[in-house]
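Enquirer: This is structure_2.txt (compact mmCIF, C-alpha atoms).
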```txt
# COMPACT_ATOMS: atom_id res chain seq x y z
CA MET M 115 -19.19 1.96 6.18
CA LYS M 116 -16.12 2.84 4.11
CA GLN M 117 -14.74 0.05 1.97
CA SER M 118 -11.23 -0.93 2.96
CA ASP M 119 -8.12 -0.09 1.02
CA PHE M 120 -6.31 -2.80 -0.92
CA VAL M 121 -2.82 -4.09 -0.29
CA VAL M 122 -0.98 -5.68 -3.21
CA LEU M 123 1.86 -8.07 -2.36
CA LEU M 124 4.74 -8.90 -4.74
CA HIS M 125 7.30 -11.59 -3.91
CA GLY M 126 10.94 -11.69 -4.98
CA LEU M 127 13.17 -13.75 -7.25
CA CYS M 128 12.85 -17.52 -6.75
CA GLY M 129 9.74 -16.87 -4.70
CA SER M 130 6.04 -17.43 -5.05
CA ARG M 131 2.74 -16.15 -3.69
CA LEU M 132 3.23 -18.55 -0.78
CA ASP M 133 6.05 -16.35 0.53
CA MET M 134 3.65 -13.44 1.00
CA TRP M 135 0.62 -15.52 2.02
CA PRO M 136 1.07 -15.15 5.83
CA LEU M 137 1.23 -11.37 5.48
CA ALA M 138 -1.78 -11.37 3.13
CA MET M 139 -3.79 -13.30 5.75
CA ARG M 140 -2.79 -10.91 8.55
CA LEU M 141 -3.78 -7.90 6.43
CA ALA M 142 -7.10 -9.51 5.49
CA ARG M 143 -7.86 -10.13 9.20
CA ARG M 144 -7.26 -6.41 9.77
CA GLY M 145 -9.87 -5.58 7.14
CA TYR M 146 -7.76 -4.84 4.07
CA GLY M 147 -8.59 -6.22 0.67
CA THR M 148 -5.52 -8.13 -0.48
CA ARG M 149 -4.13 -9.11 -3.84
CA ASN M 150 -1.20 -11.50 -3.51
CA TRP M 151 0.20 -11.47 -7.05
CA GLY M 152 2.52 -14.19 -8.22
CA TYR M 153 4.69 -14.12 -11.31
CA ARG M 154 7.15 -16.44 -12.98
CA SER M 155 10.53 -15.20 -11.79
CA PHE M 156 12.59 -17.79 -13.66
CA GLY M 157 13.00 -17.15 -17.36
CA ALA M 158 11.44 -13.69 -17.11
CA ARG M 159 12.94 -10.25 -17.45
CA ILE M 160 11.93 -7.52 -14.99
CA GLU M 161 10.40 -5.24 -17.63
CA ASN M 162 8.18 -8.07 -18.90
CA VAL M 163 6.84 -8.81 -15.42
CA ALA M 164 6.33 -5.06 -14.93
CA VAL M 165 4.03 -4.98 -17.97
CA ASP M 166 1.82 -7.58 -16.28
CA VAL M 167 1.85 -5.60 -13.02
CA VAL M 168 0.71 -2.51 -14.96
CA ARG M 169 -2.17 -4.53 -16.41
CA ARG M 170 -3.15 -5.86 -12.98
CA LEU M 171 -2.95 -2.42 -11.34
CA ASN M 172 -5.17 -0.99 -14.07
CA ALA M 173 -7.73 -3.72 -13.42
CA LEU M 174 -7.60 -3.19 -9.66
CA GLU M 175 -7.96 0.60 -9.98
CA SER M 176 -11.09 0.06 -12.07
CA GLU M 177 -12.61 -1.96 -9.19
CA LEU M 178 -11.93 0.65 -6.50
CA GLY M 179 -14.53 2.76 -4.80
CA GLU M 180 -14.13 6.52 -4.73
CA ASP M 181 -12.26 6.69 -1.40
CA GLN M 182 -10.21 3.51 -1.72
CA ALA M 183 -6.46 3.39 -2.13
CA ILE M 184 -3.88 0.81 -3.11
CA HIS M 185 -0.84 0.14 -0.97
CA VAL M 186 1.92 -2.25 -2.01
CA VAL M 187 4.26 -4.50 -0.02
CA THR M 188 7.17 -5.96 -1.95
CA HIS M 189 10.01 -8.32 -1.21
CA SER M 190 13.37 -7.98 -2.94
CA MET M 191 12.96 -8.05 -6.75
CA GLY M 192 9.24 -7.26 -6.29
CA GLY M 193 10.28 -3.69 -5.37
CA VAL M 194 12.31 -3.34 -8.57
CA ILE M 195 9.40 -4.70 -10.62
CA LEU M 196 7.11 -2.13 -9.02
CA ARG M 197 9.59 0.68 -9.81
CA ALA M 198 9.63 -0.47 -13.43
CA ALA M 199 5.81 -0.65 -13.56
CA LEU M 200 5.39 2.85 -12.13
CA GLN M 201 7.92 4.14 -14.63
CA GLU M 202 5.52 3.02 -17.38
CA GLN M 203 2.33 4.55 -15.98
CA ALA M 204 1.02 6.63 -13.11
CA PHE M 205 -1.51 5.02 -10.77
CA PRO M 206 -3.26 7.71 -8.72
CA ALA M 207 -4.69 5.12 -6.31
CA VAL M 208 -1.22 3.83 -5.31
CA ARG M 209 -0.50 5.74 -2.10
CA ARG M 210 2.05 3.88 0.02
CA ILE M 211 4.70 1.26 -0.53
CA VAL M 212 6.68 -0.85 1.94
CA MET M 213 9.70 -2.65 0.51
CA LEU M 214 11.39 -5.54 2.27
CA ALA M 215 15.07 -5.90 1.28
CA PRO M 216 14.80 -4.26 -2.16
CA PRO M 217 18.03 -4.41 -4.22
CA HIS M 218 17.75 -0.81 -5.43
CA GLN M 219 21.50 -0.57 -5.93
CA GLY M 220 21.85 -4.16 -7.06
CA SER M 221 23.08 -7.38 -5.55
CA HIS M 222 26.62 -8.72 -5.45
CA VAL M 223 25.19 -12.26 -5.36
CA ALA M 224 23.19 -11.63 -8.55
CA ARG M 225 26.36 -10.35 -10.25
CA LYS M 226 28.29 -13.49 -9.26
CA LEU M 227 25.51 -15.92 -10.24
CA ALA M 228 24.48 -14.29 -13.54
CA PRO M 229 27.28 -15.86 -15.65
CA PHE M 230 26.27 -19.34 -14.47
CA LEU M 231 22.49 -19.10 -14.02
CA GLY M 232 21.56 -16.16 -16.25
CA TRP M 233 20.13 -18.54 -18.86
CA LEU M 234 17.62 -19.72 -16.22
CA ALA M 235 16.99 -16.35 -14.56
CA PRO M 236 17.78 -13.42 -16.91
CA SER M 237 16.79 -11.06 -14.11
CA LEU M 238 20.02 -11.95 -12.26
CA GLU M 239 22.05 -9.81 -14.67
CA GLN M 240 19.44 -7.07 -14.35
CA LEU M 241 19.73 -7.17 -10.54
CA SER M 242 23.53 -7.05 -10.54
CA ASP M 243 25.33 -4.40 -8.53
CA ALA M 244 27.38 -3.54 -11.64
CA PRO M 245 27.15 0.22 -12.35
CA GLY M 246 25.41 -0.21 -15.73
CA SER M 247 22.91 -2.87 -14.65
CA TYR M 248 19.18 -2.48 -15.26
CA VAL M 249 18.41 -1.79 -11.60
CA ASN M 250 21.10 0.91 -11.45
CA ARG M 251 19.72 2.63 -14.57
CA LEU M 252 16.07 2.46 -13.49
CA ASP M 253 14.41 5.75 -12.56
CA ASN M 254 13.08 6.40 -9.09
CA SER M 255 9.42 6.08 -10.05
CA PHE M 256 8.23 6.48 -6.45
CA ALA M 257 9.78 9.89 -5.93
CA GLU M 258 8.74 11.04 -9.40
CA ARG M 259 5.11 10.08 -8.69
CA GLY M 260 5.07 11.53 -5.15
CA ILE M 261 4.33 8.14 -3.57
CA GLU M 262 5.23 7.62 0.08
CA PHE M 263 7.54 4.66 0.55
CA GLY M 264 9.49 2.97 3.27
CA ILE M 265 12.35 0.51 3.16
CA ILE M 266 13.16 -2.32 5.55
CA GLU M 267 16.70 -3.67 5.45
CA ALA M 268 17.75 -7.01 6.95
CA GLU M 269 20.75 -6.72 9.24
CA ARG M 270 22.19 -10.10 8.22
CA ASP M 271 21.31 -10.01 4.53
CA ARG M 272 23.80 -12.07 2.51
CA VAL M 273 22.13 -11.30 -0.84
CA ILE M 274 22.25 -7.50 -0.75
CA SER M 275 25.09 -5.51 0.80
CA ARG M 276 24.29 -3.19 3.67
CA GLY M 277 23.02 0.10 2.28
CA ALA M 278 22.24 -1.28 -1.21
CA VAL M 279 18.52 -1.09 -0.39
CA GLN M 280 18.64 2.71 -0.32
CA LEU M 281 16.59 4.79 -2.74
CA ALA M 282 16.37 8.56 -2.49
CA GLY M 283 13.17 10.02 -1.12
CA TYR M 284 12.11 7.31 1.31
CA ARG M 285 9.84 8.41 4.12
CA ASP M 286 10.71 5.67 6.59
CA PHE M 287 13.66 3.34 6.96
CA ALA M 288 14.21 0.49 9.38
CA THR M 289 16.78 -2.20 9.90
CA VAL M 290 15.57 -5.49 11.35
CA ASP M 291 17.48 -8.38 12.86
CA GLY M 292 17.01 -10.91 10.13
CA HIS M 293 18.03 -12.37 6.79
CA HIS M 294 17.04 -11.56 3.24
```
Show me, as structure tokens, the structure contained in the file I just sent.
Expert:
Amino acid sequence: MKQSDFVVLLHGLCGSRLDMWPLAMRLARRGYGTRNWGYRSFGARIENVAVDVVRRLNALESELGEDQAIHVVTHSMGGVILRAALQEQAFPAVRRIVMLAPPHQGSHVARKLAPFLGWLAPSLEQLSDAPGSYVNRLDNSFAERGIEFGIIEAERDRVISRGAVQLAGYRDFATVDGHH
């Protein structure tokens, strides 16, 4: 019997592993190996969290069987962290990515909150929709690595403007009736 693929889950800013736990349980019931990775989103910069994700992906790849793959599901800032991680290193086992409400073109809310809360969450400035922000300067690591990815946008998202989830090269795109 073939060993199952793994699904890595990455939450967003102000979140925790608990946010992704219901999805991790559903995937595990369907036979996937899951890794629900948490990180400290307050006080951390995106590139620093990405270094830890690179380390964890390296460790997971070393555990894989010959035919196993890694798929990743991210929420919000988790998608930006993954882009930053894949910019640092290629991971041949990473095959597919599903991103829930990723701020690929930045967030107007992050831009407005950064002057007041940036000391607590430096990633707010990085996630800003300002043209020169970190997220707007970040390469499209998925397209460069030939990784299939899909994006899910929330129809009533008040954190990210409609269309700001877009990233060139996506394979699938869906809009759902929901919030960020």
Enquirer: Nearest to Arg170 in chain M among M:Arg149, M:Arg140, M:Arg154, M:Arg285, with distances taken over only C-alpha atoms: which residue is it?
Expert: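 With only C-alpha atoms as the atom set, the closest residue is M:Arg149.
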Enquirer: May I have the residues within 6 Å of Phe263 in chain M as number ranges by chain, using all atoms listed in the file and disregarding those fewer than 6 positions away in the same chain?
Expert: M: 210-212, 284-285
Enquirer: Tell me, in Å to one decimal, how far CA of Leu127 in chain M is from CA of His218 in chain M.
Expert: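 CA of Leu127 in chain M sits 13.8 Å away from CA of His218 in chain M.
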Enquirer: Quick one: of M:Gly277, M:Gly179, M:Gly192, M:Gly264, who's nearest to Ser155 in chain M, counting all atoms listed in the file?
Expert: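 The closest residue to Ser155 in chain M is M:Gly192.
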Enquirer: Scan for residues within 10 Å of the point (2.6, 1.5, -17.0) in the coordinates of the file, using all atoms listed in the file, and reply as a ChimeraX atom specification.
Expert: /M:164-169,171-172,196,198-205
Enquirer: Given the block above, output range 201-251 of chain M with N, CA and C atoms as a PDB file, in the first residue's frame.
Expert:
```
ATOM      1  N   GLN M 201      11.194  31.020  -2.146  1.00  0.00           N
ATOM      2  CA  GLN M 201      12.159  31.893  -2.809  1.00  0.00           C
ATOM      3  C   GLN M 201      13.574  31.529  -2.361  1.00  0.00           C
ATOM      4  N   GLU M 202      13.692  31.039  -1.130  1.00  0.00           N
ATOM      5  CA  GLU M 202      14.992  30.682  -0.558  1.00  0.00           C
ATOM      6  C   GLU M 202      15.518  29.348  -1.073  1.00  0.00           C
ATOM      7  N   GLN M 203      14.617  28.394  -1.308  1.00  0.00           N
ATOM      8  CA  GLN M 203      15.059  27.049  -1.660  1.00  0.00           C
ATOM      9  C   GLN M 203      13.959  26.315  -2.415  1.00  0.00           C
ATOM     10  N   ALA M 204      14.364  25.457  -3.322  1.00  0.00           N
ATOM     11  CA  ALA M 204      13.416  24.608  -4.043  1.00  0.00           C
ATOM     12  C   ALA M 204      13.141  23.364  -3.208  1.00  0.00           C
ATOM     13  N   PHE M 205      11.904  22.918  -3.226  1.00  0.00           N
ATOM     14  CA  PHE M 205      11.505  21.693  -2.552  1.00  0.00           C
ATOM     15  C   PHE M 205      10.800  20.821  -3.583  1.00  0.00           C
ATOM     16  N   PRO M 206      11.506  19.856  -4.156  1.00  0.00           N
ATOM     17  CA  PRO M 206      10.917  19.031  -5.213  1.00  0.00           C
ATOM     18  C   PRO M 206       9.649  18.296  -4.796  1.00  0.00           C
ATOM     19  N   ALA M 207       9.507  17.998  -3.510  1.00  0.00           N
ATOM     20  CA  ALA M 207       8.340  17.247  -3.054  1.00  0.00           C
ATOM     21  C   ALA M 207       7.089  18.122  -2.940  1.00  0.00           C
ATOM     22  N   VAL M 208       7.246  19.459  -2.910  1.00  0.00           N
ATOM     23  CA  VAL M 208       6.074  20.338  -2.827  1.00  0.00           C
ATOM     24  C   VAL M 208       5.424  20.384  -4.202  1.00  0.00           C
ATOM     25  N   ARG M 209       4.195  19.864  -4.282  1.00  0.00           N
ATOM     26  CA  ARG M 209       3.525  19.719  -5.574  1.00  0.00           C
ATOM     27  C   ARG M 209       2.357  20.673  -5.772  1.00  0.00           C
ATOM     28  N   ARG M 210       1.528  20.825  -4.733  1.00  0.00           N
ATOM     29  CA  ARG M 210       0.324  21.657  -4.885  1.00  0.00           C
ATOM     30  C   ARG M 210       0.133  22.529  -3.659  1.00  0.00           C
ATOM     31  N   ILE M 211      -0.439  23.702  -3.914  1.00  0.00           N
ATOM     32  CA  ILE M 211      -0.694  24.656  -2.841  1.00  0.00           C
ATOM     33  C   ILE M 211      -2.104  25.210  -3.014  1.00  0.00           C
ATOM     34  N   VAL M 212      -2.821  25.316  -1.904  1.00  0.00           N
ATOM     35  CA  VAL M 212      -4.124  25.974  -1.881  1.00  0.00           C
ATOM     36  C   VAL M 212      -4.007  27.111  -0.884  1.00  0.00           C
ATOM     37  N   MET M 213      -4.321  28.318  -1.336  1.00  0.00           N
ATOM     38  CA  MET M 213      -4.199  29.497  -0.482  1.00  0.00           C
ATOM     39  C   MET M 213      -5.570  30.110  -0.232  1.00  0.00           C
ATOM     40  N   LEU M 214      -5.885  30.278   1.040  1.00  0.00           N
ATOM     41  CA  LEU M 214      -7.139  30.885   1.453  1.00  0.00           C
ATOM     42  C   LEU M 214      -6.876  32.354   1.776  1.00  0.00           C
ATOM     43  N   ALA M 215      -7.459  33.251   1.027  1.00  0.00           N
ATOM     44  CA  ALA M 215      -7.361  34.699   1.242  1.00  0.00           C
ATOM     45  C   ALA M 215      -5.924  35.198   1.416  1.00  0.00           C
ATOM     46  N   PRO M 216      -5.037  34.890   0.470  1.00  0.00           N
ATOM     47  CA  PRO M 216      -3.652  35.357   0.594  1.00  0.00           C
ATOM     48  C   PRO M 216      -3.516  36.822   0.149  1.00  0.00           C
ATOM     49  N   PRO M 217      -2.858  37.657   0.929  1.00  0.00           N
ATOM     50  CA  PRO M 217      -2.714  39.068   0.547  1.00  0.00           C
ATOM     51  C   PRO M 217      -1.536  39.285  -0.409  1.00  0.00           C
ATOM     52  N   HIS M 218      -1.574  38.660  -1.570  1.00  0.00           N
ATOM     53  CA  HIS M 218      -0.444  38.736  -2.500  1.00  0.00           C
ATOM     54  C   HIS M 218      -0.153  40.151  -2.984  1.00  0.00           C
ATOM     55  N   GLN M 219      -1.165  40.987  -3.016  1.00  0.00           N
ATOM     56  CA  GLN M 219      -0.954  42.381  -3.413  1.00  0.00           C
ATOM     57  C   GLN M 219      -1.108  43.318  -2.220  1.00  0.00           C
ATOM     58  N   GLY M 220      -1.051  42.753  -1.038  1.00  0.00           N
ATOM     59  CA  GLY M 220      -1.094  43.542   0.185  1.00  0.00           C
ATOM     60  C   GLY M 220      -2.494  43.774   0.717  1.00  0.00           C
ATOM     61  N   SER M 221      -2.527  44.357   1.897  1.00  0.00           N
ATOM     62  CA  SER M 221      -3.783  44.615   2.589  1.00  0.00           C
ATOM     63  C   SER M 221      -3.879  46.084   2.986  1.00  0.00           C
ATOM     64  N   HIS M 222      -5.017  46.691   2.671  1.00  0.00           N
ATOM     65  CA  HIS M 222      -5.255  48.077   3.069  1.00  0.00           C
ATOM     66  C   HIS M 222      -5.377  48.186   4.592  1.00  0.00           C
ATOM     67  N   VAL M 223      -5.879  47.157   5.248  1.00  0.00           N
ATOM     68  CA  VAL M 223      -6.001  47.163   6.700  1.00  0.00           C
ATOM     69  C   VAL M 223      -4.613  47.121   7.344  1.00  0.00           C
ATOM     70  N   ALA M 224      -3.716  46.304   6.797  1.00  0.00           N
ATOM     71  CA  ALA M 224      -2.344  46.245   7.318  1.00  0.00           C
ATOM     72  C   ALA M 224      -1.666  47.607   7.186  1.00  0.00           C
ATOM     73  N   ARG M 225      -1.878  48.273   6.051  1.00  0.00           N
ATOM     74  CA  ARG M 225      -1.286  49.604   5.843  1.00  0.00           C
ATOM     75  C   ARG M 225      -1.792  50.605   6.886  1.00  0.00           C
ATOM     76  N   LYS M 226      -3.082  50.547   7.187  1.00  0.00           N
ATOM     77  CA  LYS M 226      -3.665  51.494   8.146  1.00  0.00           C
ATOM     78  C   LYS M 226      -3.263  51.181   9.589  1.00  0.00           C
ATOM     79  N   LEU M 227      -3.078  49.912   9.917  1.00  0.00           N
ATOM     80  CA  LEU M 227      -2.733  49.525  11.287  1.00  0.00           C
ATOM     81  C   LEU M 227      -1.239  49.586  11.589  1.00  0.00           C
ATOM     82  N   ALA M 228      -0.406  49.484  10.572  1.00  0.00           N
ATOM     83  CA  ALA M 228       1.054  49.430  10.779  1.00  0.00           C
ATOM     84  C   ALA M 228       1.604  50.594  11.600  1.00  0.00           C
ATOM     85  N   PRO M 229       1.177  51.846  11.365  1.00  0.00           N
ATOM     86  CA  PRO M 229       1.734  52.939  12.173  1.00  0.00           C
ATOM     87  C   PRO M 229       1.411  52.822  13.669  1.00  0.00           C
ATOM     88  N   PHE M 230       0.322  52.169  13.994  1.00  0.00           N
ATOM     89  CA  PHE M 230      -0.103  52.059  15.388  1.00  0.00           C
ATOM     90  C   PHE M 230       0.326  50.755  16.047  1.00  0.00           C
ATOM     91  N   LEU M 231       0.324  49.660  15.290  1.00  0.00           N
ATOM     92  CA  LEU M 231       0.601  48.340  15.867  1.00  0.00           C
ATOM     93  C   LEU M 231       1.845  47.672  15.295  1.00  0.00           C
ATOM     94  N   GLY M 232       2.586  48.390  14.453  1.00  0.00           N
ATOM     95  CA  GLY M 232       3.784  47.817  13.836  1.00  0.00           C
ATOM     96  C   GLY M 232       4.828  47.376  14.835  1.00  0.00           C
ATOM     97  N   TRP M 233       4.888  48.021  15.990  1.00  0.00           N
ATOM     98  CA  TRP M 233       5.842  47.633  17.030  1.00  0.00           C
ATOM     99  C   TRP M 233       5.508  46.247  17.566  1.00  0.00           C
ATOM    100  N   LEU M 234       4.222  45.883  17.556  1.00  0.00           N
ATOM    101  CA  LEU M 234       3.771  44.580  18.045  1.00  0.00           C
ATOM    102  C   LEU M 234       3.817  43.522  16.940  1.00  0.00           C
ATOM    103  N   ALA M 235       3.485  43.929  15.737  1.00  0.00           N
ATOM    104  CA  ALA M 235       3.438  43.009  14.591  1.00  0.00           C
ATOM    105  C   ALA M 235       4.145  43.668  13.412  1.00  0.00           C
ATOM    106  N   PRO M 236       5.495  43.522  13.326  1.00  0.00           N
ATOM    107  CA  PRO M 236       6.245  44.141  12.226  1.00  0.00           C
ATOM    108  C   PRO M 236       5.792  43.664  10.849  1.00  0.00           C
ATOM    109  N   SER M 237       5.136  42.512  10.806  1.00  0.00           N
ATOM    110  CA  SER M 237       4.669  41.995   9.515  1.00  0.00           C
ATOM    111  C   SER M 237       3.540  42.843   8.937  1.00  0.00           C
ATOM    112  N   LEU M 238       2.885  43.667   9.747  1.00  0.00           N
ATOM    113  CA  LEU M 238       1.824  44.535   9.216  1.00  0.00           C
ATOM    114  C   LEU M 238       2.365  45.436   8.112  1.00  0.00           C
ATOM    115  N   GLU M 239       3.500  46.074   8.368  1.00  0.00           N
ATOM    116  CA  GLU M 239       4.100  46.938   7.342  1.00  0.00           C
ATOM    117  C   GLU M 239       4.475  46.120   6.112  1.00  0.00           C
ATOM    118  N   GLN M 240       4.962  44.905   6.342  1.00  0.00           N
ATOM    119  CA  GLN M 240       5.352  44.036   5.232  1.00  0.00           C
ATOM    120  C   GLN M 240       4.155  43.616   4.392  1.00  0.00           C
ATOM    121  N   LEU M 241       2.982  43.523   5.014  1.00  0.00           N
ATOM    122  CA  LEU M 241       1.764  43.084   4.334  1.00  0.00           C
ATOM    123  C   LEU M 241       0.941  44.232   3.766  1.00  0.00           C
ATOM    124  N   SER M 242       1.447  45.433   3.878  1.00  0.00           N
ATOM    125  CA  SER M 242       0.749  46.621   3.404  1.00  0.00           C
ATOM    126  C   SER M 242       0.516  46.559   1.890  1.00  0.00           C
ATOM    127  N   ASP M 243      -0.535  47.234   1.458  1.00  0.00           N
ATOM    128  CA  ASP M 243      -0.787  47.314   0.016  1.00  0.00           C
ATOM    129  C   ASP M 243      -0.008  48.455  -0.645  1.00  0.00           C
ATOM    130  N   ALA M 244       0.890  49.087   0.109  1.00  0.00           N
ATOM    131  CA  ALA M 244       1.744  50.131  -0.476  1.00  0.00           C
ATOM    132  C   ALA M 244       2.618  49.511  -1.571  1.00  0.00           C
ATOM    133  N   PRO M 245       2.829  50.238  -2.670  1.00  0.00           N
ATOM    134  CA  PRO M 245       3.576  49.661  -3.805  1.00  0.00           C
ATOM    135  C   PRO M 245       4.949  49.082  -3.455  1.00  0.00           C
ATOM    136  N   GLY M 246       5.675  49.667  -2.521  1.00  0.00           N
ATOM    137  CA  GLY M 246       7.017  49.187  -2.200  1.00  0.00           C
ATOM    138  C   GLY M 246       7.079  48.222  -1.030  1.00  0.00           C
ATOM    139  N   SER M 247       5.928  47.730  -0.572  1.00  0.00           N
ATOM    140  CA  SER M 247       5.924  46.842   0.593  1.00  0.00           C
ATOM    141  C   SER M 247       6.591  45.501   0.272  1.00  0.00           C
ATOM    142  N   TYR M 248       6.966  44.800   1.308  1.00  0.00           N
ATOM    143  CA  TYR M 248       7.629  43.495   1.177  1.00  0.00           C
ATOM    144  C   TYR M 248       6.822  42.548   0.277  1.00  0.00           C
ATOM    145  N   VAL M 249       5.540  42.425   0.556  1.00  0.00           N
ATOM    146  CA  VAL M 249       4.712  41.492  -0.209  1.00  0.00           C
ATOM    147  C   VAL M 249       4.656  41.883  -1.686  1.00  0.00           C
ATOM    148  N   ASN M 250       4.695  43.170  -1.977  1.00  0.00           N
ATOM    149  CA  ASN M 250       4.635  43.615  -3.370  1.00  0.00           C
ATOM    150  C   ASN M 250       5.986  43.522  -4.082  1.00  0.00           C
ATOM    151  N   ARG M 251       7.050  43.317  -3.331  1.00  0.00           N
ATOM    152  CA  ARG M 251       8.384  43.123  -3.934  1.00  0.00           C
ATOM    153  C   ARG M 251       8.777  41.650  -4.007  1.00  0.00           C
TER     154      ARG M 251
END
```
